[in-house]
file coords29.cif (mmCIF, C-alpha atoms)
data_input
#
loop_
_atom_site.label_atom_id
_atom_site.label_comp_id
_atom_site.auth_asym_id
_atom_site.auth_seq_id
_atom_site.Cartn_x
_atom_site.Cartn_y
_atom_site.Cartn_z
CA MET A 276 99.19 76.10 -7.00
CA THR A 277 102.86 76.58 -6.28
CA SER A 278 104.75 77.29 -9.48
CA VAL A 279 107.62 75.02 -10.55
CA LYS A 280 110.44 76.98 -12.15
CA SER A 281 113.30 75.81 -14.30
CA HIS A 282 116.31 78.12 -14.62
CA ILE A 283 118.94 77.11 -17.14
CA SER A 284 121.66 78.30 -19.52
CA ILE A 285 121.71 76.96 -23.08
CA SER A 286 123.69 77.71 -26.22
CA LEU A 287 121.84 79.12 -29.23
CA ASP A 288 121.94 75.61 -30.68
CA GLY A 289 120.19 74.26 -27.59
CA PHE A 290 122.87 72.54 -25.56
CA VAL A 291 123.23 72.54 -21.75
CA ALA A 292 126.62 70.84 -21.96
CA GLY A 293 129.24 70.71 -24.70
CA PRO A 294 130.46 67.67 -26.64
CA ASN A 295 132.58 64.90 -25.10
CA GLN A 296 131.23 64.97 -21.55
CA SER A 297 133.34 62.92 -19.14
CA LEU A 298 133.89 62.45 -15.42
CA GLU A 299 136.76 64.94 -15.63
CA ASN A 300 134.72 67.39 -17.69
CA PRO A 301 131.07 66.87 -16.74
CA ILE A 302 129.76 69.82 -18.72
CA GLY A 303 131.69 68.93 -21.86
CA GLU A 304 133.98 70.93 -24.11
CA GLY A 305 132.96 74.56 -24.03
CA GLY A 306 130.20 73.89 -21.51
CA MET A 307 131.59 76.34 -18.97
CA ARG A 308 131.04 79.03 -21.59
CA LEU A 309 127.31 78.74 -20.79
CA HIS A 310 127.76 79.84 -17.19
CA GLU A 311 130.36 82.60 -17.47
CA TRP A 312 127.69 85.31 -17.51
CA ALA A 313 126.92 84.59 -13.84
CA PHE A 314 130.44 84.33 -12.42
CA GLU A 315 131.16 88.05 -12.36
CA THR A 316 127.84 89.05 -10.82
CA ASP A 317 127.72 90.13 -7.19
CA SER A 318 124.66 87.98 -6.50
CA TRP A 319 126.15 84.72 -7.82
CA ARG A 320 129.31 85.42 -5.87
CA GLU A 321 127.36 86.12 -2.70
CA GLN A 322 125.46 82.84 -3.17
CA HIS A 323 128.77 81.01 -3.44
CA GLY A 324 130.57 82.84 -0.64
CA ILE A 325 132.91 84.77 -2.93
CA GLU A 326 133.52 88.46 -2.45
CA GLY A 327 133.13 91.14 -5.07
CA GLY A 328 131.37 91.04 -8.43
CA ASP A 329 129.19 93.46 -10.32
CA PRO A 330 125.56 94.51 -9.94
CA GLY A 331 123.29 94.96 -12.96
CA VAL A 332 120.88 92.98 -15.10
CA ASP A 333 122.85 89.72 -14.99
CA ALA A 334 123.14 90.02 -11.21
CA GLU A 335 119.39 90.53 -10.86
CA VAL A 336 118.73 87.48 -12.98
CA ALA A 337 121.23 85.37 -11.05
CA ASP A 338 119.57 86.52 -7.84
CA GLU A 339 116.24 85.06 -8.97
CA VAL A 340 117.68 81.59 -8.51
CA VAL A 341 117.40 82.06 -4.76
CA GLN A 342 114.71 84.75 -4.32
CA GLY A 343 111.05 83.86 -3.81
CA ILE A 344 111.77 80.15 -3.69
CA GLY A 345 110.15 78.05 -0.96
CA ALA A 346 111.83 74.74 -1.79
CA TYR A 347 114.28 73.30 -4.31
CA ILE A 348 114.48 70.01 -6.10
CA MET A 349 118.01 69.14 -7.10
CA GLY A 350 119.57 66.36 -9.16
CA ARG A 351 122.25 64.32 -7.47
CA ASN A 352 124.96 65.82 -9.68
CA MET A 353 124.12 69.26 -8.35
CA PHE A 354 124.67 67.99 -4.81
CA GLY A 355 127.79 66.06 -5.81
CA GLY A 356 129.63 63.27 -4.14
CA GLY A 357 129.85 60.95 -7.15
CA HIS A 358 127.69 57.96 -8.01
CA GLY A 359 126.61 54.93 -5.99
CA PRO A 360 125.99 54.67 -2.24
CA TRP A 361 126.79 57.79 -0.22
CA ASP A 362 130.04 58.60 1.48
CA GLU A 363 128.38 60.53 4.29
CA SER A 364 131.41 62.70 4.87
CA TRP A 365 130.31 64.44 1.63
CA ARG A 366 127.98 67.29 2.61
CA GLY A 367 127.49 68.88 -0.83
CA TRP A 368 129.27 71.41 -3.04
CA TRP A 369 127.57 74.24 -1.23
CA GLY A 370 129.51 74.62 2.03
CA GLU A 371 128.14 74.54 5.57
CA ASP A 372 125.91 77.59 4.96
CA PRO A 373 124.36 76.88 1.52
CA PRO A 374 122.66 79.71 -0.36
CA PHE A 375 119.21 78.11 -0.33
CA HIS A 376 117.83 78.77 3.18
CA THR A 377 114.93 76.42 2.45
CA PRO A 378 114.28 72.69 2.24
CA VAL A 379 116.14 71.10 -0.68
CA PHE A 380 115.04 67.71 -2.04
CA VAL A 381 117.88 65.79 -3.67
CA LEU A 382 116.87 63.07 -6.14
CA THR A 383 119.02 59.97 -5.78
CA HIS A 384 118.84 56.20 -6.10
CA HIS A 385 120.60 55.80 -2.74
CA PRO A 386 118.91 56.51 0.61
CA ARG A 387 120.49 58.83 3.12
CA GLU A 388 119.34 60.57 6.32
CA PRO A 389 118.43 64.27 5.97
CA LEU A 390 121.18 66.83 6.50
CA ALA A 391 120.45 70.03 8.39
CA MET A 392 122.88 72.77 7.42
CA GLN A 393 123.32 76.31 8.69
CA GLY A 394 120.91 79.06 7.67
CA ASP A 395 117.76 76.89 7.50
CA THR A 396 118.93 74.85 4.52
CA THR A 397 118.02 71.17 4.86
CA PHE A 398 118.87 68.49 2.33
CA THR A 399 116.35 65.65 2.14
CA PHE A 400 117.22 62.68 -0.06
CA VAL A 401 114.37 61.33 -2.18
CA THR A 402 114.67 57.89 -3.73
CA ASP A 403 111.19 57.37 -5.19
CA GLY A 404 111.22 59.72 -8.18
CA ILE A 405 110.28 63.19 -9.33
CA GLU A 406 106.56 63.06 -8.49
CA SER A 407 107.38 62.17 -4.91
CA ALA A 408 109.99 64.93 -4.67
CA LEU A 409 107.48 67.41 -6.10
CA ALA A 410 104.81 66.38 -3.59
CA LYS A 411 107.27 66.85 -0.72
CA ALA A 412 108.37 70.23 -2.07
CA ARG A 413 104.76 71.40 -2.44
CA GLU A 414 104.11 70.54 1.20
CA VAL A 415 106.75 73.00 2.38
CA ALA A 416 106.90 75.70 -0.32
CA GLY A 417 103.75 77.55 0.75
CA ASP A 418 102.88 80.18 -1.83
CA LYS A 419 106.48 80.50 -2.99
CA ARG A 420 108.01 78.85 -6.04
CA ILE A 421 109.69 75.49 -6.30
CA GLY A 422 113.09 75.84 -7.98
CA LEU A 423 114.57 73.08 -10.14
CA MET A 424 118.34 72.70 -10.15
CA GLY A 425 120.13 70.63 -12.77
CA ALA A 426 119.73 70.00 -16.50
CA ASN A 427 118.94 66.33 -16.05
CA LEU A 428 116.19 67.23 -13.62
CA ASP A 429 114.81 69.96 -15.89
CA GLN A 430 114.55 67.41 -18.68
CA GLN A 431 112.68 64.93 -16.51
CA PHE A 432 110.25 67.58 -15.29
CA LEU A 433 109.72 68.97 -18.82
CA ALA A 434 109.06 65.48 -20.23
CA ALA A 435 106.51 64.91 -17.45
CA GLY A 436 104.78 68.24 -18.11
CA LEU A 437 105.51 69.43 -14.57
CA VAL A 438 107.28 72.72 -15.30
CA ASP A 439 105.26 75.94 -14.97
CA GLU A 440 107.94 78.56 -15.67
CA ILE A 441 111.02 78.33 -17.86
CA ARG A 442 113.83 80.83 -17.40
CA ILE A 443 116.31 80.46 -20.24
CA HIS A 444 119.70 82.14 -20.42
CA LEU A 445 120.43 81.94 -24.14
CA ILE A 446 124.18 82.21 -24.67
CA ASN A 447 125.74 83.73 -27.80
CA VAL A 448 127.53 80.61 -28.89
CA LEU A 449 126.90 77.57 -31.07
CA LEU A 450 128.51 74.65 -29.23
CA GLY A 451 128.02 72.31 -32.18
CA GLY A 452 127.17 69.29 -30.06
CA GLY A 453 126.69 67.98 -26.55
CA ARG A 454 123.63 67.46 -24.47
CA ARG A 455 120.37 69.14 -25.36
CA LEU A 456 117.94 70.71 -22.92
CA PHE A 457 114.85 70.19 -25.05
CA ASP A 458 114.83 66.75 -26.57
CA GLN A 459 111.81 64.85 -27.76
CA LEU A 460 109.23 66.32 -25.42
CA PRO A 461 106.03 64.29 -25.55
CA GLU A 462 103.68 67.02 -26.74
CA ARG A 463 103.39 70.47 -28.21
CA THR A 464 103.38 73.14 -25.50
CA GLU A 465 102.37 76.76 -25.90
CA LEU A 466 104.30 79.37 -23.92
CA GLU A 467 103.58 82.88 -22.78
CA GLN A 468 106.62 85.14 -22.67
CA THR A 469 106.91 86.90 -19.33
CA GLY A 470 110.40 88.36 -19.41
CA LEU A 471 113.21 89.48 -21.70
CA SER A 472 116.52 91.17 -21.06
CA GLN A 473 119.87 91.18 -22.78
CA THR A 474 123.41 91.81 -21.68
CA ASP A 475 126.82 91.22 -23.15
CA GLY A 476 126.77 87.66 -24.47
CA VAL A 477 123.43 86.45 -23.15
CA THR A 478 119.69 86.92 -23.67
CA HIS A 479 117.57 86.16 -20.63
CA LEU A 480 114.15 84.82 -21.63
CA GLU A 481 111.26 83.94 -19.36
CA TYR A 482 108.19 81.91 -20.24
CA ARG A 483 105.11 80.56 -18.53
CA VAL A 484 103.68 77.28 -19.74
CA VAL A 485 100.11 77.72 -21.02
CA ARG A 486 97.88 74.87 -19.88
CA MET B 146 133.01 90.87 -48.23
CA THR B 147 129.32 90.53 -48.89
CA SER B 148 127.53 89.22 -45.81
CA VAL B 149 125.54 85.99 -46.00
CA LYS B 150 122.39 86.17 -43.91
CA SER B 151 120.16 83.39 -42.65
CA HIS B 152 116.64 84.35 -41.59
CA ILE B 153 114.59 81.65 -39.93
CA SER B 154 111.80 80.88 -37.44
CA ILE B 155 112.38 78.19 -34.81
CA SER B 156 110.49 76.90 -31.80
CA LEU B 157 112.05 77.37 -28.36
CA ASP B 158 113.08 73.72 -28.56
CA GLY B 159 114.93 74.40 -31.79
CA PHE B 160 112.74 73.00 -34.54
CA VAL B 161 112.15 74.52 -38.00
CA ALA B 162 109.43 71.98 -38.76
CA GLY B 163 107.15 69.94 -36.55
CA PRO B 164 107.01 66.17 -36.19
CA ASN B 165 105.71 63.82 -38.90
CA GLN B 166 106.72 65.82 -41.97
CA SER B 167 105.15 64.47 -45.15
CA LEU B 168 104.50 65.50 -48.75
CA GLU B 169 101.05 66.66 -47.68
CA ASN B 170 102.42 68.48 -44.64
CA PRO B 171 105.97 69.52 -45.49
CA ILE B 172 106.51 71.59 -42.34
CA GLY B 173 105.15 68.91 -40.01
CA GLU B 174 102.52 68.98 -37.30
CA GLY B 175 102.42 72.42 -35.73
CA GLY B 176 105.09 73.73 -38.09
CA MET B 177 102.86 76.49 -39.44
CA ARG B 178 102.79 77.85 -35.89
CA LEU B 179 106.37 79.04 -36.48
CA HIS B 180 105.38 81.39 -39.29
CA GLU B 181 102.12 82.85 -38.03
CA TRP B 182 103.87 85.96 -36.67
CA ALA B 183 104.56 87.12 -40.22
CA PHE B 184 101.19 86.46 -41.85
CA GLU B 185 99.40 89.46 -40.34
CA THR B 186 102.18 91.95 -41.10
CA ASP B 187 101.73 94.46 -43.90
CA SER B 188 105.23 93.81 -45.24
CA TRP B 189 104.85 90.03 -45.54
CA ARG B 190 101.48 90.53 -47.21
CA GLU B 191 102.92 93.06 -49.63
CA GLN B 192 105.73 90.59 -50.49
CA HIS B 193 103.13 87.95 -51.23
CA GLY B 194 100.68 90.17 -53.10
CA ILE B 195 98.04 90.14 -50.36
CA GLU B 196 96.32 93.33 -49.27
CA GLY B 197 96.12 94.65 -45.72
CA GLY B 198 98.05 93.64 -42.65
CA ASP B 199 99.54 95.53 -39.75
CA PRO B 200 102.67 97.68 -39.41
CA GLY B 201 104.92 97.42 -36.34
CA VAL B 202 107.95 95.53 -35.10
CA ASP B 203 107.02 92.22 -36.73
CA ALA B 204 106.39 93.99 -40.02
CA GLU B 205 109.79 95.69 -39.87
CA VAL B 206 111.47 92.36 -39.21
CA ALA B 207 109.57 90.64 -42.03
CA ASP B 208 110.58 93.48 -44.32
CA GLU B 209 114.28 92.74 -43.69
CA VAL B 210 113.88 89.53 -45.68
CA VAL B 211 113.74 91.62 -48.85
CA GLN B 212 115.51 94.88 -47.94
CA GLY B 213 119.22 95.42 -48.54
CA ILE B 214 119.60 92.08 -50.29
CA GLY B 215 121.58 91.92 -53.53
CA ALA B 216 120.98 88.23 -54.30
CA TYR B 217 119.24 85.21 -52.81
CA ILE B 218 120.13 81.58 -52.61
CA MET B 219 117.08 79.36 -52.31
CA GLY B 220 116.58 75.66 -51.73
CA ARG B 221 114.47 73.85 -54.30
CA ASN B 222 111.61 73.38 -51.85
CA MET B 223 111.32 77.15 -51.51
CA PHE B 224 110.90 77.40 -55.28
CA GLY B 225 108.58 74.41 -55.38
CA GLY B 226 107.48 72.18 -58.20
CA GLY B 227 108.19 68.85 -56.51
CA HIS B 228 111.18 66.57 -56.88
CA GLY B 229 112.95 65.16 -59.92
CA PRO B 230 113.34 66.72 -63.38
CA TRP B 231 111.52 70.00 -63.90
CA ASP B 232 108.07 70.48 -65.29
CA GLU B 233 108.89 73.81 -66.91
CA SER B 234 105.34 75.02 -66.68
CA TRP B 235 106.12 75.45 -62.95
CA ARG B 236 107.44 79.00 -62.47
CA GLY B 237 107.69 79.05 -58.68
CA TRP B 238 105.41 79.73 -55.72
CA TRP B 239 106.08 83.43 -56.04
CA GLY B 240 103.89 84.57 -58.93
CA GLU B 241 104.95 86.43 -62.08
CA ASP B 242 106.24 89.42 -60.08
CA PRO B 243 108.17 87.82 -57.19
CA PRO B 244 109.10 89.92 -54.14
CA PHE B 245 112.86 89.58 -54.65
CA HIS B 246 113.73 92.05 -57.44
CA THR B 247 117.25 90.58 -57.62
CA PRO B 248 118.96 87.48 -58.99
CA VAL B 249 117.85 84.34 -57.13
CA PHE B 250 119.96 81.18 -57.29
CA VAL B 251 117.94 78.00 -56.82
CA LEU B 252 119.88 74.92 -55.71
CA THR B 253 118.70 71.80 -57.47
CA HIS B 254 119.99 68.49 -58.80
CA HIS B 255 118.19 69.07 -62.11
CA PRO B 256 119.35 71.58 -64.71
CA ARG B 257 117.00 74.18 -66.08
CA GLU B 258 117.34 77.35 -68.14
CA PRO B 259 117.17 80.64 -66.20
CA LEU B 260 113.78 82.25 -65.75
CA ALA B 261 113.40 86.02 -66.04
CA MET B 262 110.37 87.25 -64.15
CA GLN B 263 108.81 90.69 -63.81
CA GLY B 264 110.38 93.31 -61.58
CA ASP B 265 114.03 92.30 -62.13
CA THR B 266 113.72 88.94 -60.40
CA THR B 267 115.62 86.20 -62.24
CA PHE B 268 115.78 82.58 -61.14
CA THR B 269 119.02 80.81 -62.04
CA PHE B 270 119.22 77.08 -61.36
CA VAL B 271 122.49 75.86 -59.85
CA THR B 272 123.32 72.16 -59.95
CA ASP B 273 126.88 72.13 -58.62
CA GLY B 274 126.39 72.86 -54.92
CA ILE B 275 126.36 75.61 -52.33
CA GLU B 276 129.89 76.94 -52.92
CA SER B 277 129.12 77.46 -56.57
CA ALA B 278 125.80 79.15 -55.76
CA LEU B 279 127.57 81.40 -53.28
CA ALA B 280 130.24 82.39 -55.81
CA LYS B 281 127.55 83.28 -58.35
CA ALA B 282 125.61 85.27 -55.76
CA ARG B 283 128.74 87.16 -54.71
CA GLU B 284 129.33 88.18 -58.33
CA VAL B 285 126.04 90.02 -58.50
CA ALA B 286 125.31 91.13 -54.92
CA GLY B 287 127.69 94.09 -54.90
CA ASP B 288 127.94 95.50 -51.37
CA LYS B 289 124.49 94.22 -50.42
CA ARG B 290 123.73 91.06 -48.47
CA ILE B 291 123.11 87.58 -49.79
CA GLY B 292 119.90 86.17 -48.32
CA LEU B 293 119.45 82.45 -47.67
CA MET B 294 115.97 81.03 -48.05
CA GLY B 295 115.05 77.62 -46.69
CA ALA B 296 115.87 75.59 -43.58
CA ASN B 297 117.69 72.87 -45.50
CA LEU B 298 119.88 75.51 -47.13
CA ASP B 299 120.54 77.28 -43.83
CA GLN B 300 121.73 73.98 -42.36
CA GLN B 301 124.09 73.32 -45.26
CA PHE B 302 125.55 76.83 -45.07
CA LEU B 303 125.89 76.67 -41.26
CA ALA B 304 127.63 73.30 -41.44
CA ALA B 305 130.05 74.71 -44.02
CA GLY B 306 130.75 77.80 -41.89
CA LEU B 307 129.47 80.11 -44.63
CA VAL B 308 126.86 82.10 -42.67
CA ASP B 309 127.83 85.58 -41.46
CA GLU B 310 124.56 86.74 -39.88
CA ILE B 311 121.84 84.71 -38.23
CA ARG B 312 118.39 86.22 -37.76
CA ILE B 313 116.33 83.97 -35.50
CA HIS B 314 112.63 84.34 -34.84
CA LEU B 315 112.22 82.36 -31.63
CA ILE B 316 108.62 81.27 -31.30
CA ASN B 317 106.88 80.79 -27.94
CA VAL B 318 106.16 77.13 -28.40
CA LEU B 319 107.80 73.78 -27.69
CA LEU B 320 107.00 71.61 -30.72
CA GLY B 321 108.35 68.49 -29.02
CA GLY B 322 109.90 67.05 -32.16
CA GLY B 323 110.51 67.58 -35.83
CA ARG B 324 113.44 68.91 -37.76
CA ARG B 325 116.12 70.93 -36.00
CA LEU B 326 117.80 74.01 -37.36
CA PHE B 327 121.05 73.57 -35.45
CA ASP B 328 122.18 69.98 -35.54
CA GLN B 329 125.72 68.73 -35.09
CA LEU B 330 127.57 71.72 -36.42
CA PRO B 331 131.24 70.87 -36.93
CA GLU B 332 132.75 73.40 -34.54
CA ARG B 333 132.10 75.81 -31.73
CA THR B 334 131.14 79.25 -33.03
CA GLU B 335 131.08 82.48 -31.04
CA LEU B 336 128.35 84.98 -31.85
CA GLU B 337 127.93 88.69 -31.33
CA GLN B 338 124.37 89.77 -30.67
CA THR B 339 123.35 92.62 -32.95
CA GLY B 340 119.60 92.81 -32.48
CA LEU B 341 116.76 91.96 -30.13
CA SER B 342 113.06 92.70 -30.20
CA GLN B 343 109.98 91.02 -28.87
CA THR B 344 106.35 90.99 -29.83
CA ASP B 345 103.38 88.85 -28.99
CA GLY B 346 104.54 85.27 -29.31
CA VAL B 347 107.99 85.78 -30.80
CA THR B 348 111.45 87.05 -29.88
CA HIS B 349 113.50 88.32 -32.80
CA LEU B 350 117.22 87.74 -32.24
CA GLU B 351 120.07 88.79 -34.48
CA TYR B 352 123.66 87.59 -34.35
CA ARG B 353 126.86 88.08 -36.28
CA VAL B 354 129.25 85.15 -36.49
CA VAL B 355 132.60 86.03 -34.88
CA ARG B 356 135.50 84.73 -36.98
#

call {"tool": "encode", "arguments": {"input": "coords29.cif", "output": "structure tokens"}}
result
Amino acid sequence: MTSVKSHISISLDGFVAGPNQSLENPIGEGGMRLHEWAFETDSWREQHGIEGGDPGVDAEVADEVVQGIGAYIMGRNMFGGGHGPWDESWRGWWGEDPPFHTPVFVLTHHPREPLAMQGDTTFTFVTDGIESALAKAREVAGDKRIGLMGANLDQQFLAAGLVDEIRIHLINVLLGGGRRLFDQLPERTELEQTGLSQTDGVTHLEYRVVR
Amino acid sequence: MTSVKSHISISLDGFVAGPNQSLENPIGEGGMRLHEWAFETDSWREQHGIEGGDPGVDAEVADEVVQGIGAYIMGRNMFGGGHGPWDESWRGWWGEDPPFHTPVFVLTHHPREPLAMQGDTTFTFVTDGIESALAKAREVAGDKRIGLMGANLDQQFLAAGLVDEIRIHLINVLLGGGRRLFDQLPERTELEQTGLSQTDGVTHLEYRVVR
């Protein structure tokens, strides 16, 4: 079966966002610290249409976010455009040629017609929950992976036992508070470690859920 | 200044003990899973007076708990004997020749005369808090490290900003609940990674607190 993969940066004390999250600072105080490792990589920059950057281990890891993926499921915050009914002039954070090049299923409470972008990326808006989004993603992913995008989404999929692979970027910082990735999961879950690498400021860990 | 080192096993979701801790099961459901990596090592077995066991990376890591340490600070639960005033016939979980071979300062609310054991281990009972225990440990540790023993103690020292080195054994399991190691620390803390190794079921991480 198609593997569902979560890909997320956390602090050593387990937070995906720092304390005092707000509309102005959605990832909280110090939260950007969790993502700095990617910003200077050539692959992250290429994904985001920015020139330059460095190759190396971090770049290879950042590249995994878009390699070998047949479909994505994305939380609404990752697509952007605020809360409530859609302003359809908003076409996502990702530009007219998003880095995905696959179907992307955006979880939202508010219906919207699909958006076809350049480079084979399509955004389809799913209003009936994660199981429905997963079924739709499985239909199109073939034998490739399904990528999850967004901490909120990762939490929902983890709580439902629907994640097959967990890629953690463990950042050398204790944020002291904020929003946790792993919080009150319903059952004990054994993991098999499938990857490990380390660079300046981050340890990249990869696990497969043992079922 | 003498370095204060914490040395602790946690699940990937950050727990030092599983859910439903009780007197009968003080490390909670699944909590023993966090310590299994050490039990088959020759060094852990030697520390606990058990024959056999295997050498290797895990054994080297387990050996660090007692190498290069000039003094320990230990929570009462690590010394044992229950709660409340002491039954002085209780001389600790560690046998008559404990593995420490240094002064050990046991934090407790209940006074007790020091205990001199075989092999240069002495247990001194400290009733006036972690700062006092740390001052006493510094007096005797020389240029060696001070080792912290016990999750409760680690949390108190972390919250007070008194830990210099953090040795994490990250176990390939999501316990789903229980007692966290890192919980609401008072401030953001940058770390420098000083060690990384992986064996079957565990990733050993080492950090130095950047001040």

call {"tool": "resolve_selection", "arguments": {"input": "coords29.cif", "expression": "the PyMOL selection byres ((chain A) within 7 of (chain B))", "output": "PDB file with C-alpha atoms, keeping the file's coordinate frame"}}
result
ATOM      1  CA  ASP A 288     121.940  75.610 -30.680  1.00  0.00           C
ATOM      2  CA  GLY A 289     120.190  74.260 -27.590  1.00  0.00           C
ATOM      3  CA  ASN A 447     125.740  83.730 -27.800  1.00  0.00           C
ATOM      4  CA  VAL A 448     127.530  80.610 -28.890  1.00  0.00           C
ATOM      5  CA  LEU A 449     126.900  77.570 -31.070  1.00  0.00           C
ATOM      6  CA  LEU A 450     128.510  74.650 -29.230  1.00  0.00           C
ATOM      7  CA  GLY A 451     128.020  72.310 -32.180  1.00  0.00           C
ATOM      8  CA  GLY A 452     127.170  69.290 -30.060  1.00  0.00           C
ATOM      9  CA  PHE A 457     114.850  70.190 -25.050  1.00  0.00           C
ATOM     10  CA  GLN A 459     111.810  64.850 -27.760  1.00  0.00           C
ATOM     11  CA  LEU A 460     109.230  66.320 -25.420  1.00  0.00           C
ATOM     12  CA  PRO A 461     106.030  64.290 -25.550  1.00  0.00           C
ATOM     13  CA  GLU A 462     103.680  67.020 -26.740  1.00  0.00           C
ATOM     14  CA  ARG A 463     103.390  70.470 -28.210  1.00  0.00           C
ATOM     15  CA  THR A 464     103.380  73.140 -25.500  1.00  0.00           C
ATOM     16  CA  GLU A 465     102.370  76.760 -25.900  1.00  0.00           C
ATOM     17  CA  LEU A 466     104.300  79.370 -23.920  1.00  0.00           C
ATOM     18  CA  GLU A 467     103.580  82.880 -22.780  1.00  0.00           C
ATOM     19  CA  GLN A 468     106.620  85.140 -22.670  1.00  0.00           C
ATOM     20  CA  GLY A 476     126.770  87.660 -24.470  1.00  0.00           C
TER      21      GLY A 476
END

call {"tool": "resolve_selection", "arguments": {"input": "coords29.cif", "expression": "the PyMOL selection byres ((chain A and resi 369-381) around 6)", "output": "ChimeraX atom specification"}}
result
/A:322,346-351,367-368,382,392-401

call {"tool": "closest_residue", "arguments": {"input": "coords29.cif", "among": "B:Gly215, B:Pro171, B:Pro259, B:Gly201", "to": "Gly287 of chain B", "atoms": "all atoms listed in the file"}}
result
B:Gly215

call {"tool": "residues_near_point", "arguments": {"input": "coords29.cif", "point": "(127.3, 63.8, -1.4)", "cutoff": "8 Å", "atoms": "only C-alpha atoms", "output": "list in words"}}
result
Arg351, Phe354, Gly355, Gly356, Gly357, Trp361, Asp362, Glu363, Ser364, Trp365, Arg366 and Gly367 of chain A

call {"tool": "atom_distance", "arguments": {"input": "coords29.cif", "atom1": "atom CA of Glu481 of chain A", "atom2": "atom CA of Ser318 of chain A"}}
result
19.0 Å

call {"tool": "atom_distance", "arguments": {"input": "coords29.cif", "atom1": "atom CA of Val340 of chain A", "atom2": "atom CA of Val415 of chain A"}}
result
17.7 Å

call {"tool": "resolve_selection", "arguments": {"input": "coords29.cif", "expression": "the PyMOL selection byres ((chain B and resi 275) around 9)", "output": "list in words"}}
result
Ile218, Leu252, Val271, Thr272, Asp273, Gly274, Glu276, Ser277, Ala278, Leu279, Ala280, Leu298, Gln301 and Phe302 of chain B

call {"tool": "write_last_selection", "arguments": {"input": "coords29.cif", "atoms": "C-alpha atoms", "output": "short mmCIF file (atom, residue, chain, number, x, y, z; two decimals), in the coordinates of the input"}}
result
data_model
loop_
_atom_site.label_atom_id
_atom_site.label_comp_id
_atom_site.auth_asym_id
_atom_site.auth_seq_id
_atom_site.Cartn_x
_atom_site.Cartn_y
_atom_site.Cartn_z
CA ILE B 218 120.13 81.58 -52.61
CA LEU B 252 119.88 74.92 -55.71
CA VAL B 271 122.49 75.86 -59.85
CA THR B 272 123.32 72.16 -59.95
CA ASP B 273 126.88 72.13 -58.62
CA GLY B 274 126.39 72.86 -54.92
CA GLU B 276 129.89 76.94 -52.92
CA SER B 277 129.12 77.46 -56.57
CA ALA B 278 125.80 79.15 -55.76
CA LEU B 279 127.57 81.40 -53.28
CA ALA B 280 130.24 82.39 -55.81
CA LEU B 298 119.88 75.51 -47.13
CA GLN B 301 124.09 73.32 -45.26
CA PHE B 302 125.55 76.83 -45.07
#

call {"tool": "atom_distance", "arguments": {"input": "coords29.cif", "atom1": "atom CA of Ser167 of chain B", "atom2": "atom CA of Gln300 of chain B"}}
result
19.3 Å

call {"tool": "decode", "arguments": {"input": "coords29.cif", "residues": "segment 301-309 of chain B", "atoms": "N, CA, C and O atoms", "output": "short mmCIF file (atom, residue, chain, number, x, y, z; two decimals), in the first residue's frame"}}
result
data_model
loop_
_atom_site.label_atom_id
_atom_site.label_comp_id
_atom_site.auth_asym_id
_atom_site.auth_seq_id
_atom_site.Cartn_x
_atom_site.Cartn_y
_atom_site.Cartn_z
N GLN B 301 14.17 19.14 37.48
CA GLN B 301 14.43 20.27 38.38
C GLN B 301 15.69 21.03 37.96
O GLN B 301 15.71 22.26 37.97
N PHE B 302 16.73 20.30 37.59
CA PHE B 302 17.97 20.96 37.18
C PHE B 302 17.80 21.69 35.84
O PHE B 302 18.33 22.79 35.67
N LEU B 303 17.07 21.09 34.91
CA LEU B 303 16.81 21.77 33.63
C LEU B 303 16.03 23.06 33.86
O LEU B 303 16.36 24.11 33.31
N ALA B 304 14.99 22.98 34.67
CA ALA B 304 14.15 24.16 34.91
C ALA B 304 14.95 25.27 35.57
O ALA B 304 14.68 26.46 35.35
N ALA B 305 15.96 24.90 36.37
CA ALA B 305 16.78 25.90 37.04
C ALA B 305 17.97 26.34 36.20
O ALA B 305 18.76 27.18 36.63
N GLY B 306 18.09 25.78 34.99
CA GLY B 306 19.20 26.17 34.10
C GLY B 306 20.55 25.70 34.61
O GLY B 306 21.57 26.32 34.34
N LEU B 307 20.58 24.58 35.31
CA LEU B 307 21.83 24.11 35.94
C LEU B 307 22.45 22.91 35.23
O LEU B 307 23.41 22.34 35.73
N VAL B 308 21.92 22.52 34.07
CA VAL B 308 22.48 21.38 33.34
C VAL B 308 23.44 21.90 32.26
O VAL B 308 23.09 22.81 31.51
N ASP B 309 24.62 21.32 32.18
CA ASP B 309 25.59 21.72 31.16
C ASP B 309 25.62 20.76 29.98
O ASP B 309 25.89 21.18 28.86
#
